[in-house]
$ cat coords_14.txt   # compact mmCIF, C-alpha atoms
# COMPACT_ATOMS: atom_id res chain seq x y z
CA MET A 1 -65.58 40.43 -1.72
CA ILE A 2 -69.22 40.63 -2.79
CA THR A 3 -68.48 43.07 -5.58
CA GLU A 4 -65.72 40.78 -6.80
CA ILE A 5 -68.12 37.85 -6.81
CA ILE A 6 -70.57 39.92 -8.83
CA TYR A 7 -67.76 40.75 -11.27
CA PHE A 8 -66.85 37.08 -11.42
CA ASN A 9 -70.41 36.03 -12.14
CA VAL A 10 -70.83 38.71 -14.77
CA PHE A 11 -67.70 37.50 -16.53
CA VAL A 12 -68.75 33.86 -16.30
CA ILE A 13 -72.22 34.62 -17.67
CA LEU A 14 -70.89 36.91 -20.39
CA GLY A 15 -68.24 34.42 -21.42
CA ALA A 16 -70.73 31.58 -21.64
CA ALA A 17 -73.27 33.81 -23.40
CA ILE A 18 -70.82 34.96 -26.07
CA VAL A 19 -69.88 31.39 -26.92
CA ALA A 20 -73.49 30.22 -26.83
CA ILE A 21 -74.71 33.10 -29.00
CA ALA A 22 -71.88 32.73 -31.51
CA ILE A 23 -72.35 29.01 -31.96
CA GLY A 24 -76.13 29.02 -31.54
CA LEU A 25 -76.73 31.82 -34.04
CA SER A 26 -74.63 30.19 -36.70
CA LYS A 27 -76.46 26.92 -36.09
CA LEU A 28 -79.75 28.72 -36.33
CA LEU A 29 -79.08 30.94 -39.32
CA ALA A 30 -76.79 28.85 -41.46
CA THR A 31 -78.19 26.74 -44.24
CA ARG A 32 -76.61 23.35 -44.60
CA LYS A 33 -76.21 21.92 -48.04
CA PRO A 34 -73.12 19.79 -47.82
CA SER A 35 -71.50 18.74 -51.04
CA GLU A 36 -68.33 16.83 -51.66
CA ALA A 37 -66.33 19.94 -52.38
CA LYS A 38 -67.58 21.70 -49.27
CA LEU A 39 -66.69 18.84 -46.98
CA GLU A 40 -63.14 18.65 -48.20
CA VAL A 41 -60.33 19.76 -45.96
CA TYR A 42 -59.49 23.37 -46.54
CA GLU A 43 -55.90 23.89 -47.47
CA CYS A 44 -54.66 27.01 -49.17
CA GLY A 45 -53.52 26.33 -52.72
CA ASN A 46 -53.89 22.59 -52.70
CA ILE A 47 -56.69 20.99 -54.65
CA HIS A 48 -56.45 17.54 -53.17
CA VAL A 49 -55.14 17.15 -49.69
CA THR A 50 -53.44 13.87 -49.08
CA GLY A 51 -51.60 12.31 -46.22
CA ASP A 52 -51.81 12.60 -42.49
CA PRO A 53 -52.45 16.14 -41.19
CA ARG A 54 -50.35 15.43 -38.14
CA ILE A 55 -46.81 15.56 -39.38
CA GLN A 56 -43.71 15.92 -37.31
CA PHE A 57 -42.79 19.55 -36.93
CA LYS A 58 -39.23 20.68 -37.27
CA ILE A 59 -37.40 20.24 -34.01
CA HIS A 60 -36.09 23.76 -34.49
CA TYR A 61 -39.41 25.21 -33.37
CA TYR A 62 -38.86 23.88 -29.89
CA ILE A 63 -36.38 26.68 -29.26
CA PHE A 64 -39.16 29.20 -29.86
CA ALA A 65 -41.20 27.49 -27.15
CA LEU A 66 -38.22 27.69 -24.80
CA LEU A 67 -37.75 31.38 -25.60
CA LEU A 68 -41.45 31.96 -24.99
CA VAL A 69 -41.21 30.49 -21.49
CA ILE A 70 -38.17 32.62 -20.63
CA PHE A 71 -39.81 35.84 -21.78
CA ASP A 72 -43.03 34.81 -20.07
CA VAL A 73 -41.14 34.79 -16.79
CA GLU A 74 -39.57 38.12 -17.67
CA MET A 75 -43.00 39.61 -18.24
CA ILE A 76 -44.08 38.49 -14.78
CA PHE A 77 -41.35 40.73 -13.37
CA VAL A 78 -42.19 43.65 -15.63
CA PHE A 79 -45.87 43.50 -14.75
CA PRO A 80 -45.67 44.66 -11.08
CA TRP A 81 -43.27 47.36 -12.18
CA ALA A 82 -45.69 48.64 -14.77
CA VAL A 83 -48.47 48.86 -12.19
CA VAL A 84 -46.53 51.22 -9.92
CA PHE A 85 -44.36 52.85 -12.54
CA LYS A 86 -45.89 56.32 -12.25
CA SER A 87 -45.35 56.68 -8.53
CA LEU A 88 -41.73 55.54 -8.59
CA GLY A 89 -40.17 57.92 -11.04
CA PHE A 90 -36.97 57.89 -13.00
CA PHE A 91 -34.93 55.49 -10.85
CA ALA A 92 -37.42 52.68 -11.41
CA PHE A 93 -37.27 53.34 -15.14
CA ILE A 94 -33.47 52.98 -15.15
CA GLU A 95 -33.75 49.76 -13.16
CA MET A 96 -36.14 48.29 -15.66
CA VAL A 97 -33.96 49.38 -18.55
CA ILE A 98 -31.05 47.49 -16.97
CA PHE A 99 -33.27 44.47 -16.35
CA ILE A 100 -34.45 44.34 -19.92
CA ALA A 101 -31.00 45.15 -21.31
CA ILE A 102 -29.53 42.09 -19.58
CA LEU A 103 -32.24 39.95 -21.10
CA MET A 104 -31.76 41.57 -24.48
CA LEU A 105 -28.21 40.22 -24.38
CA GLY A 106 -29.76 36.77 -24.43
CA LEU A 107 -31.99 37.70 -27.33
CA PHE A 108 -29.00 39.00 -29.29
CA TYR A 109 -27.15 35.78 -28.47
CA ALA A 110 -30.05 33.81 -29.89
CA TRP A 111 -30.09 36.06 -32.92
CA ARG A 112 -26.36 35.72 -33.55
CA LYS A 113 -26.58 31.95 -33.21
CA GLY A 114 -29.16 31.88 -35.96
CA VAL A 115 -32.00 30.68 -33.75
CA MET A 116 -34.31 33.34 -35.15
CA LYS A 117 -33.95 32.16 -38.71
CA TRP A 118 -37.19 30.79 -40.03
CA VAL A 119 -36.26 27.50 -41.61
CA MET B 120 -74.24 35.36 0.20
CA SER B 121 -70.78 36.55 1.18
CA ASN B 122 -69.92 33.27 2.87
CA LEU B 123 -71.63 30.93 0.51
CA ALA B 124 -70.34 32.25 -2.81
CA PRO B 125 -66.61 31.64 -2.20
CA GLN B 126 -67.44 28.13 -1.10
CA VAL B 127 -69.46 27.49 -4.22
CA ILE B 128 -66.62 28.82 -6.37
CA PHE B 129 -64.12 26.74 -4.40
CA ILE B 130 -66.09 23.55 -4.86
CA GLY B 131 -66.61 24.28 -8.54
CA LEU B 132 -62.91 24.88 -9.07
CA GLY B 133 -62.10 21.78 -7.08
CA VAL B 134 -64.37 19.64 -9.25
CA ILE B 135 -62.78 21.07 -12.42
CA ALA B 136 -59.30 20.49 -11.02
CA VAL B 137 -59.93 16.90 -9.97
CA VAL B 138 -61.78 15.94 -13.15
CA SER B 139 -59.19 17.46 -15.48
CA ALA B 140 -56.33 15.95 -13.47
CA LEU B 141 -57.99 12.55 -13.76
CA LEU B 142 -58.47 13.01 -17.49
CA VAL B 143 -54.76 13.82 -17.86
CA VAL B 144 -53.88 10.49 -16.33
CA VAL B 145 -56.64 8.35 -17.80
CA GLY B 146 -56.69 9.84 -21.29
CA ARG B 147 -55.22 7.82 -24.12
CA ASN B 148 -54.41 10.75 -26.36
CA LEU B 149 -51.28 12.65 -25.43
CA PHE B 150 -52.49 15.88 -27.04
CA HIS B 151 -55.74 15.81 -25.07
CA ALA B 152 -53.82 15.03 -21.90
CA ALA B 153 -51.73 18.16 -22.38
CA MET B 154 -54.89 20.21 -22.94
CA PHE B 155 -56.48 18.87 -19.78
CA LEU B 156 -53.29 19.67 -17.90
CA GLY B 157 -53.84 23.25 -19.07
CA ALA B 158 -57.40 23.17 -17.73
CA TYR B 159 -56.11 21.83 -14.44
CA MET B 160 -53.55 24.60 -14.15
CA LEU B 161 -56.18 27.21 -14.96
CA SER B 162 -58.36 25.93 -12.13
CA ILE B 163 -55.37 26.17 -9.80
CA ALA B 164 -55.00 29.79 -10.91
CA GLY B 165 -58.66 30.19 -9.98
CA PHE B 166 -57.81 29.06 -6.44
CA TYR B 167 -55.10 31.70 -6.23
CA PHE B 168 -57.50 34.41 -7.33
CA LEU B 169 -60.03 33.14 -4.81
CA LEU B 170 -57.39 33.53 -2.08
CA ASP B 171 -56.72 37.15 -3.13
CA ALA B 172 -53.26 36.18 -4.40
CA ASP B 173 -53.55 38.09 -7.65
CA LEU B 174 -49.91 38.07 -8.65
CA VAL B 175 -49.47 34.34 -8.06
CA GLY B 176 -52.63 33.72 -10.04
CA ILE B 177 -51.39 35.82 -12.94
CA MET B 178 -48.06 34.02 -12.76
CA GLN B 179 -49.85 30.69 -12.89
CA VAL B 180 -51.84 31.72 -15.96
CA PHE B 181 -48.93 33.28 -17.85
CA VAL B 182 -46.10 30.91 -17.02
CA TYR B 183 -47.85 27.59 -16.62
CA VAL B 184 -50.85 27.82 -18.91
CA GLY B 185 -49.24 30.18 -21.40
CA GLY B 186 -45.67 28.93 -21.34
CA VAL B 187 -45.30 25.43 -20.01
CA ILE B 188 -48.38 24.04 -21.72
CA VAL B 189 -47.28 25.54 -25.04
CA MET B 190 -43.88 23.95 -24.56
CA LEU B 191 -45.50 20.62 -23.71
CA LEU B 192 -47.70 20.81 -26.81
CA PHE B 193 -44.64 21.64 -28.91
CA GLY B 194 -42.91 18.65 -27.40
CA VAL B 195 -45.87 16.43 -28.24
CA MET B 196 -46.15 17.73 -31.78
CA LEU B 197 -42.42 17.56 -32.38
CA THR B 198 -42.26 13.95 -31.38
CA ALA B 199 -42.76 11.79 -34.43
CA GLN B 200 -45.75 9.47 -34.40
CA MET B 201 -46.76 10.71 -30.99
CA THR B 202 -50.02 12.58 -31.52
CA ASN B 203 -51.83 9.73 -33.15
CA VAL B 204 -50.62 7.02 -30.86
CA ARG B 205 -53.27 5.76 -28.52
CA MET B 206 -51.31 4.87 -25.48
CA VAL B 207 -52.29 1.66 -23.81
CA SER B 208 -51.23 1.43 -20.23
CA ALA B 209 -50.26 -2.03 -19.14
CA VAL B 210 -53.09 -3.79 -17.35
CA LYS B 211 -50.52 -5.71 -15.38
CA GLN B 212 -49.71 -2.60 -13.40
CA ARG B 213 -53.25 -2.21 -12.08
CA GLY B 214 -52.65 -4.08 -8.82
CA GLY B 215 -49.54 -2.09 -8.02
CA THR B 216 -51.29 1.16 -8.91
CA VAL B 217 -54.22 0.50 -6.59
CA LEU B 218 -51.87 -0.52 -3.81
CA SER B 219 -49.68 2.56 -4.12
CA VAL B 220 -52.69 4.89 -4.33
CA ILE B 221 -54.16 3.34 -1.18
CA VAL B 222 -50.84 3.70 0.67
CA LEU B 223 -50.48 7.29 -0.53
CA VAL B 224 -54.00 8.26 0.50
CA ALA B 225 -53.57 6.57 3.90
CA LEU B 226 -50.28 8.39 4.49
CA LEU B 227 -51.69 11.75 3.44
CA ALA B 228 -54.81 11.22 5.57
CA SER B 229 -52.74 10.39 8.64
CA ILE B 230 -50.58 13.47 8.11
CA PHE B 231 -53.69 15.55 7.56
CA LYS B 232 -55.25 14.30 10.79
CA LYS B 233 -52.13 14.86 12.88
CA THR B 234 -51.34 18.35 11.65
CA ALA B 235 -52.77 21.22 13.64
CA PHE B 236 -53.59 23.80 11.00
CA VAL B 237 -53.12 27.37 12.06
CA ILE B 238 -55.35 29.93 10.44
CA SER B 239 -53.57 33.23 10.16
CA GLN B 240 -55.47 36.17 11.58
CA ALA B 241 -53.71 38.62 9.29
CA THR B 242 -55.80 40.03 6.51
CA PRO B 243 -54.47 39.35 3.04
CA ALA B 244 -52.59 42.25 1.54
CA GLN B 245 -54.64 44.42 -0.72
CA ASN B 246 -53.13 45.43 -4.04
CA ALA B 247 -50.43 42.82 -3.79
CA ILE B 248 -49.19 43.56 -7.29
CA SER B 249 -48.37 47.20 -6.69
CA LEU B 250 -46.88 46.26 -3.33
CA VAL B 251 -44.58 43.77 -4.99
CA GLY B 252 -43.71 46.28 -7.68
CA LYS B 253 -42.76 48.91 -5.11
CA LEU B 254 -40.63 46.44 -3.16
CA PHE B 255 -38.86 45.33 -6.33
CA MET B 256 -37.90 48.90 -7.07
CA THR B 257 -36.88 49.87 -3.54
CA ASP B 258 -35.80 47.18 -1.08
CA TYR B 259 -35.12 44.34 -3.47
CA VAL B 260 -33.37 46.06 -6.35
CA LEU B 261 -30.37 43.76 -6.37
CA PRO B 262 -32.33 40.47 -6.28
CA PHE B 263 -34.51 41.91 -9.02
CA GLU B 264 -31.52 42.55 -11.26
CA VAL B 265 -29.97 39.21 -10.35
CA VAL B 266 -33.16 37.55 -11.56
CA SER B 267 -32.53 38.98 -15.01
CA VAL B 268 -29.02 37.47 -14.99
CA LEU B 269 -30.54 34.15 -13.95
CA LEU B 270 -33.04 34.37 -16.79
CA LEU B 271 -30.21 35.22 -19.16
CA ALA B 272 -28.34 32.12 -18.03
CA ALA B 273 -31.46 30.01 -18.53
CA LEU B 274 -31.99 31.53 -21.97
CA ILE B 275 -28.46 30.88 -23.18
CA GLY B 276 -28.44 27.44 -21.60
CA ALA B 277 -31.70 26.53 -23.32
CA ILE B 278 -30.35 27.68 -26.69
CA VAL B 279 -27.08 25.81 -26.27
CA VAL B 280 -28.76 22.56 -25.24
CA ALA B 281 -31.61 22.70 -27.77
CA ARG B 282 -29.35 23.68 -30.67
CA GLU B 283 -26.78 20.98 -30.12
CA GLU B 284 -29.35 18.24 -29.78
CA GLY B 285 -31.84 19.50 -32.29
CA ARG B 286 -29.50 20.30 -35.15
CA PRO B 287 -30.96 18.73 -38.25
CA GLN B 288 -28.65 16.52 -40.27

$ encode --input "coords_14.txt" --output "structure tokens"
Amino acid sequence: MITEIIYFNVFVILGAAIVAIAIGLSKLLATRKPSEAKLEVYECGNIHVTGDPRIQFKIHYYIFALLLVIFDVEMIFVFPWAVVFKSLGFFAFIEMVIFIAILMLGLFYAWRKGVMKWV
Amino acid sequence: MSNLAPQVIFIGLGVIAVVSALLVVVGRNLFHAAMFLGAYMLSIAGFYFLLDADLVGIMQVFVYVGGVIVMLLFGVMLTAQMTNVRMVSAVKQRGGTVLSVIVLVALLASIFKKTAFVISQATPAQNAISLVGKLFMTDYVLPFEVVSVLLLAALIGAIVVAREEGRPQ
């Protein structure tokens, strides 16, 4: 437990330090000479950005979020398998192939239905 | 040291959880509320890790923070005129809210007082992830494969529902 707590603290300190150093250094080193052009919103290709940045996204993208959740759950099942894969041998490999193949059916269904098209 | 540190971590996580949960409810910006919900779920994952439940903690991070929050944010961003709306909760409901919170807290407190909590003497399983992995591949092969069929059903169902309703004109 103690070693884990040391790990935890090291990670917390490192994480905080990286953020603090990254932001602090740029604050410290950067020169600030704001001009009108510099303060403009950056948008690739557009000279003058107009309108509200928060537009309604295409409803189509929601399916990608749904797919993400499904394959997230799939990954949870693959993860414990991957940890012990070496000690289990060929049978475990076949099992996982079947598991993923069944899910691939769903992916092909999505593909066939045109869900993957980037519109 | 060994007794104090988990308690400090627990209290810290608890503070983060309570504060972010409050901000979800109190916040007026839907986008921020979803973000704070993510923070709340991360702190819950921290509790799991603190309890040596590695796999559940990883699940919490991947599925809830990684999946559900992304889906929520998509839902917020897909909804027209939603991100910029500052939601104003009706002041009229304040009395009812206070009353229901008091009743809820009283009920929970009475349950909490009456319950005799049993602390298990068993030591938590070490290397839970590899243990689960081994069991998946040996004793629970069939449930494991059935899960993939269940996921397939969820996948196809999600596509069918989302496509029919979301088809642009």

$ closest_atom_pairs --input "coords_14.txt" --of "chain B" --to "chain A" --cutoff "7 Å" --atoms "only C-alpha atoms" --output "JSON lines"
{"residue": "B:Ser121", "atom": "CA", "partner": "A:Ile2", "partner_atom": "CA", "distance": 5.9}
{"residue": "B:Met178", "atom": "CA", "partner": "A:Ile76", "partner_atom": "CA", "distance": 6.3}
{"residue": "B:Phe181", "atom": "CA", "partner": "A:Asp72", "partner_atom": "CA", "distance": 6.5}
{"residue": "B:Val182", "atom": "CA", "partner": "A:Asp72", "partner_atom": "CA", "distance": 5.8}
{"residue": "B:Gly186", "atom": "CA", "partner": "A:Val69", "partner_atom": "CA", "distance": 4.7}
{"residue": "B:Val187", "atom": "CA", "partner": "A:Val69", "partner_atom": "CA", "distance": 6.7}
{"residue": "B:Val189", "atom": "CA", "partner": "A:Ala65", "partner_atom": "CA", "distance": 6.7}
{"residue": "B:Met190", "atom": "CA", "partner": "A:Ala65", "partner_atom": "CA", "distance": 5.1}
{"residue": "B:Phe193", "atom": "CA", "partner": "A:Tyr62", "partner_atom": "CA", "distance": 6.3}
{"residue": "B:Met196", "atom": "CA", "partner": "A:Gln56", "partner_atom": "CA", "distance": 6.3}
{"residue": "B:Leu197", "atom": "CA", "partner": "A:Phe57", "partner_atom": "CA", "distance": 5.0}
{"residue": "B:Thr198", "atom": "CA", "partner": "A:Gln56", "partner_atom": "CA", "distance": 6.4}
{"residue": "B:Ala199", "atom": "CA", "partner": "A:Gln56", "partner_atom": "CA", "distance": 5.1}
{"residue": "B:Ile248", "atom": "CA", "partner": "A:Pro80", "partner_atom": "CA", "distance": 5.3}
{"residue": "B:Ser249", "atom": "CA", "partner": "A:Val84", "partner_atom": "CA", "distance": 5.5}
{"residue": "B:Val251", "atom": "CA", "partner": "A:Pro80", "partner_atom": "CA", "distance": 6.3}
{"residue": "B:Gly252", "atom": "CA", "partner": "A:Pro80", "partner_atom": "CA", "distance": 4.2}
{"residue": "B:Lys253", "atom": "CA", "partner": "A:Val84", "partner_atom": "CA", "distance": 6.5}
{"residue": "B:Met256", "atom": "CA", "partner": "A:Ala92", "partner_atom": "CA", "distance": 5.8}
{"residue": "B:Glu264", "atom": "CA", "partner": "A:Phe99", "partner_atom": "CA", "distance": 5.7}
{"residue": "B:Ser267", "atom": "CA", "partner": "A:Phe99", "partner_atom": "CA", "distance": 5.7}
{"residue": "B:Val268", "atom": "CA", "partner": "A:Ile102", "partner_atom": "CA", "distance": 6.5}
{"residue": "B:Leu270", "atom": "CA", "partner": "A:Ile70", "partner_atom": "CA", "distance": 6.6}
{"residue": "B:Leu271", "atom": "CA", "partner": "A:Leu103", "partner_atom": "CA", "distance": 5.5}
{"residue": "B:Leu274", "atom": "CA", "partner": "A:Gly106", "partner_atom": "CA", "distance": 6.2}
{"residue": "B:Ile275", "atom": "CA", "partner": "A:Gly106", "partner_atom": "CA", "distance": 6.2}
{"residue": "B:Ala277", "atom": "CA", "partner": "A:Leu66", "partner_atom": "CA", "distance": 6.8}
{"residue": "B:Ile278", "atom": "CA", "partner": "A:Ile63", "partner_atom": "CA", "distance": 6.6}
{"residue": "B:Ala281", "atom": "CA", "partner": "A:Ile63", "partner_atom": "CA", "distance": 6.4}
{"residue": "B:Gly285", "atom": "CA", "partner": "A:Ile59", "partner_atom": "CA", "distance": 5.9}

$ atom_distance --input "coords_14.txt" --atom1 "CA of His151 (chain B)" --atom2 "CA of Leu191 (chain B)"
11.4 Å

$ residues_around --input "coords_14.txt" --residues "Gln179 (chain B)" --least-positions-apart "4" --cutoff "8 Å" --atoms "all atoms listed in the file" --output "PyMOL selection string"
chain B and resi 160-161+163-164+175+183-184

$ atom_distance --input "coords_14.txt" --atom1 "CA of Ala158 (chain B)" --atom2 "CA of Ala22 (chain A)"
22.2 Å

$ atom_distance --input "coords_14.txt" --atom1 "CA of Ser139 (chain B)" --atom2 "CA of Ser162 (chain B)"
9.1 Å

$ residues_around --input "coords_14.txt" --residues "Tyr159 (chain B)" --least-positions-apart "3" --cutoff "12 Å" --atoms "only C-alpha atoms" --output "list of chain:residue names"
B:Leu132, B:Gly133, B:Val134, B:Ile135, B:Ala136, B:Val137, B:Val138, B:Ser139, B:Ala140, B:Leu141, B:Leu142, B:Val143, B:Val144, B:Ala152, B:Ala153, B:Met154, B:Phe155, B:Leu156, B:Ser162, B:Ile163, B:Ala164, B:Gly165, B:Phe166, B:Gln179, B:Val180, B:Tyr183, B:Val184, B:Ile188

$ build_atoms --input "coords_14.txt" --residues "region 70-96 of chain A" --atoms "N, CA and C atoms" --output "compact mmCIF listing (two decimals), in the frame of the given file"
# COMPACT_ATOMS: atom_id res chain seq x y z
N ILE A 70 -39.09 31.69 -21.27
CA ILE A 70 -38.17 32.62 -20.63
C ILE A 70 -38.77 34.03 -20.59
N PHE A 71 -39.30 34.48 -21.74
CA PHE A 71 -39.81 35.84 -21.78
C PHE A 71 -41.15 35.97 -21.08
N ASP A 72 -41.84 34.85 -20.92
CA ASP A 72 -43.03 34.81 -20.07
C ASP A 72 -42.65 35.16 -18.64
N VAL A 73 -41.59 34.53 -18.17
CA VAL A 73 -41.14 34.79 -16.79
C VAL A 73 -40.67 36.23 -16.66
N GLU A 74 -40.01 36.73 -17.70
CA GLU A 74 -39.57 38.12 -17.67
C GLU A 74 -40.76 39.05 -17.52
N MET A 75 -41.83 38.74 -18.26
CA MET A 75 -43.00 39.61 -18.24
C MET A 75 -43.63 39.67 -16.85
N ILE A 76 -43.55 38.52 -16.14
CA ILE A 76 -44.08 38.49 -14.78
C ILE A 76 -43.38 39.53 -13.90
N PHE A 77 -42.07 39.75 -14.17
CA PHE A 77 -41.35 40.73 -13.37
C PHE A 77 -41.62 42.15 -13.85
N VAL A 78 -41.91 42.30 -15.12
CA VAL A 78 -42.19 43.65 -15.63
C VAL A 78 -43.57 44.12 -15.18
N PHE A 79 -44.47 43.17 -15.04
CA PHE A 79 -45.87 43.50 -14.75
C PHE A 79 -46.06 44.31 -13.46
N PRO A 80 -45.51 43.85 -12.30
CA PRO A 80 -45.67 44.66 -11.08
C PRO A 80 -45.02 46.03 -11.19
N TRP A 81 -43.94 46.08 -11.96
CA TRP A 81 -43.27 47.36 -12.18
C TRP A 81 -44.18 48.31 -12.93
N ALA A 82 -44.83 47.79 -13.95
CA ALA A 82 -45.69 48.64 -14.77
C ALA A 82 -46.86 49.19 -13.96
N VAL A 83 -47.32 48.42 -12.98
CA VAL A 83 -48.47 48.86 -12.19
C VAL A 83 -48.12 50.09 -11.36
N VAL A 84 -46.89 50.11 -10.81
CA VAL A 84 -46.53 51.22 -9.92
C VAL A 84 -45.56 52.19 -10.57
N PHE A 85 -45.39 52.08 -11.85
CA PHE A 85 -44.36 52.85 -12.54
C PHE A 85 -44.48 54.35 -12.28
N LYS A 86 -45.69 54.86 -12.33
CA LYS A 86 -45.89 56.32 -12.25
C LYS A 86 -45.44 56.89 -10.92
N SER A 87 -45.65 56.14 -9.85
CA SER A 87 -45.35 56.68 -8.53
C SER A 87 -43.88 56.50 -8.17
N LEU A 88 -43.11 55.82 -8.99
CA LEU A 88 -41.73 55.54 -8.59
C LEU A 88 -40.71 56.43 -9.28
N GLY A 89 -41.05 56.94 -10.43
CA GLY A 89 -40.17 57.92 -11.04
C GLY A 89 -39.04 57.35 -11.86
N PHE A 90 -38.02 58.16 -12.01
CA PHE A 90 -36.97 57.89 -13.00
C PHE A 90 -36.10 56.70 -12.61
N PHE A 91 -35.81 56.56 -11.32
CA PHE A 91 -34.93 55.49 -10.85
C PHE A 91 -35.49 54.12 -11.25
N ALA A 92 -36.79 53.96 -11.06
CA ALA A 92 -37.42 52.68 -11.41
C ALA A 92 -37.31 52.42 -12.90
N PHE A 93 -37.39 53.48 -13.68
CA PHE A 93 -37.27 53.34 -15.14
C PHE A 93 -35.89 52.82 -15.50
N ILE A 94 -34.84 53.41 -14.87
CA ILE A 94 -33.47 52.98 -15.15
C ILE A 94 -33.29 51.51 -14.76
N GLU A 95 -33.85 51.15 -13.61
CA GLU A 95 -33.75 49.76 -13.16
C GLU A 95 -34.34 48.81 -14.18
N MET A 96 -35.50 49.19 -14.70
CA MET A 96 -36.14 48.29 -15.66
C MET A 96 -35.37 48.25 -16.97
